[in-house]
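Scroll down for the structure; my scribbles are underneath it.
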Amino acid sequence: MKIFTWILTIIAVGLVIYNATKLDFDALLTGESKIAMITIVAALCAIILLQILRISKKIETLSKKKK
């Protein structure tokens, strides 16, 4: 599970970087820039969720060790 979350995080970071190059700062909410903004937000949400999953698994293993 640990490797899986790291791979997905790397893919999400790659998506953020790729879509950041597609942004047109003169018109952020039109055309291709709009799709790039939506994808960047979605990738950042995925990164946050993966970090929460990783932390919850770490807490789970620590609580099992204390018992």
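Residues are named by chain letter and number: chains run A, B, ... in the order of the structure tokens, numbers start at 1 in each chain, and ligands are numbered from 1 in the order shown.
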| task | Please identify all polymer residues within 12 Å of Ile17 (chain A), counting only C-alpha atoms, omitting same-chain residues fewer than 6 positions from it, and present them as a ChimeraX atom specification. | result | /A:10-11,23,36-37,39-41,43-44
| task | Find the residues around Thr9 (chain A) up to 10 Å (only C-alpha atoms counted), leave out those fewer than 5 positions away in its own chain, and share them as a ChimeraX atom specification. | result | /A:3-4,14-15,43-44,46-51
May I have the selected residues written with N, CA and C atoms, as a PDB file, in the first residue's frame?
```
ATOM      1  N   ILE A   3       3.859   1.723  -1.354  1.00  0.00           N
ATOM      2  CA  ILE A   3       4.404   1.983  -2.690  1.00  0.00           C
ATOM      3  C   ILE A   3       3.304   2.510  -3.611  1.00  0.00           C
ATOM      4  N   PHE A   4       2.107   1.968  -3.480  1.00  0.00           N
ATOM      5  CA  PHE A   4       0.978   2.389  -4.290  1.00  0.00           C
ATOM      6  C   PHE A   4       0.659   3.871  -4.075  1.00  0.00           C
ATOM      7  N   GLY A  14       3.081  14.980 -11.281  1.00  0.00           N
ATOM      8  CA  GLY A  14       3.358  15.100 -12.708  1.00  0.00           C
ATOM      9  C   GLY A  14       2.216  15.771 -13.457  1.00  0.00           C
ATOM     10  N   LEU A  15       0.992  15.422 -13.104  1.00  0.00           N
ATOM     11  CA  LEU A  15      -0.173  16.055 -13.726  1.00  0.00           C
ATOM     12  C   LEU A  15      -0.235  17.548 -13.406  1.00  0.00           C
ATOM     13  N   ALA A  43      -5.864  17.056  -9.064  1.00  0.00           N
ATOM     14  CA  ALA A  43      -4.619  16.393  -8.696  1.00  0.00           C
ATOM     15  C   ALA A  43      -4.175  16.790  -7.290  1.00  0.00           C
ATOM     16  N   LEU A  44      -4.356  18.052  -6.940  1.00  0.00           N
ATOM     17  CA  LEU A  44      -4.005  18.490  -5.583  1.00  0.00           C
ATOM     18  C   LEU A  44      -4.906  17.836  -4.545  1.00  0.00           C
ATOM     19  N   ALA A  46      -6.245  14.885  -4.887  1.00  0.00           N
ATOM     20  CA  ALA A  46      -5.779  13.499  -4.817  1.00  0.00           C
ATOM     21  C   ALA A  46      -4.536  13.387  -3.945  1.00  0.00           C
ATOM     22  N   ILE A  47      -3.633  14.342  -4.055  1.00  0.00           N
ATOM     23  CA  ILE A  47      -2.427  14.336  -3.229  1.00  0.00           C
ATOM     24  C   ILE A  47      -2.790  14.453  -1.752  1.00  0.00           C
ATOM     25  N   ILE A  48      -3.720  15.340  -1.437  1.00  0.00           N
ATOM     26  CA  ILE A  48      -4.148  15.509  -0.042  1.00  0.00           C
ATOM     27  C   ILE A  48      -4.779  14.233   0.488  1.00  0.00           C
ATOM     28  N   LEU A  49      -5.652  13.610  -0.305  1.00  0.00           N
ATOM     29  CA  LEU A  49      -6.292  12.369   0.127  1.00  0.00           C
ATOM     30  C   LEU A  49      -5.282  11.247   0.318  1.00  0.00           C
ATOM     31  N   LEU A  50      -4.284  11.167  -0.542  1.00  0.00           N
ATOM     32  CA  LEU A  50      -3.258  10.138  -0.397  1.00  0.00           C
ATOM     33  C   LEU A  50      -2.419  10.375   0.861  1.00  0.00           C
ATOM     34  N   GLN A  51      -2.155  11.631   1.189  1.00  0.00           N
ATOM     35  CA  GLN A  51      -1.408  11.924   2.405  1.00  0.00           C
ATOM     36  C   GLN A  51      -2.220  11.544   3.648  1.00  0.00           C
TER      37      GLN A  51
END
```
| task | Apply DSSP to the structure's backbone, then extract all residues of chain A labelled helix (DSSP H, G or I) and return them as an NGL selection string. | result | :A and (2-21 or 31-66)
| query | CA of Val13 (chain A) and CA of Asp26 (chain A), how far apart in Å? | reply | 23.9 Å
| task | Show which residues sit within 12 Å of Lys2 (chain A), as a ChimeraX atom specification. Count only C-alpha atoms, and ignore same-chain residues fewer than 5 positions away. | result | /A:7-9,50-51,53-58
With N, CA and C atoms retained, write the just-selected residues as an mmCIF file, in the first residue's frame.
```
data_model
loop_
_atom_site.group_PDB
_atom_site.id
_atom_site.type_symbol
_atom_site.label_atom_id
_atom_site.label_comp_id
_atom_site.auth_asym_id
_atom_site.auth_seq_id
_atom_site.Cartn_x
_atom_site.Cartn_y
_atom_site.Cartn_z
ATOM 1 N N ILE A 7 3.416 6.020 -5.690
ATOM 2 C CA ILE A 7 3.311 6.065 -7.147
ATOM 3 C C ILE A 7 2.187 7.009 -7.578
ATOM 4 N N LEU A 8 1.036 6.915 -6.913
ATOM 5 C CA LEU A 8 -0.075 7.805 -7.247
ATOM 6 C C LEU A 8 0.253 9.263 -6.944
ATOM 7 N N THR A 9 0.993 9.513 -5.878
ATOM 8 C CA THR A 9 1.399 10.878 -5.553
ATOM 9 C C THR A 9 2.325 11.432 -6.624
ATOM 10 N N LEU A 50 -4.284 11.167 -0.542
ATOM 11 C CA LEU A 50 -3.258 10.138 -0.397
ATOM 12 C C LEU A 50 -2.419 10.375 0.861
ATOM 13 N N GLN A 51 -2.155 11.631 1.189
ATOM 14 C CA GLN A 51 -1.408 11.924 2.405
ATOM 15 C C GLN A 51 -2.220 11.544 3.648
ATOM 16 N N LEU A 53 -4.483 9.181 3.748
ATOM 17 C CA LEU A 53 -4.457 7.717 3.791
ATOM 18 C C LEU A 53 -3.149 7.209 4.375
ATOM 19 N N ARG A 54 -2.038 7.800 3.965
ATOM 20 C CA ARG A 54 -0.732 7.376 4.454
ATOM 21 C C ARG A 54 -0.606 7.613 5.956
ATOM 22 N N ILE A 55 -1.078 8.760 6.428
ATOM 23 C CA ILE A 55 -1.009 9.071 7.851
ATOM 24 C C ILE A 55 -1.919 8.149 8.658
ATOM 25 N N SER A 56 -3.114 7.856 8.127
ATOM 26 C CA SER A 56 -4.024 6.973 8.859
ATOM 27 C C SER A 56 -3.462 5.559 8.958
ATOM 28 N N LYS A 57 -2.790 5.093 7.914
ATOM 29 C CA LYS A 57 -2.156 3.767 7.983
ATOM 30 C C LYS A 57 -1.025 3.755 9.003
ATOM 31 N N LYS A 58 -0.278 4.850 9.077
ATOM 32 C CA LYS A 58 0.801 4.937 10.051
ATOM 33 C C LYS A 58 0.241 4.928 11.474
#
```
| field | Separation of CA of Thr61 (chain A) from CA of Ala42 (chain A) in Å | value | 28.8 Å
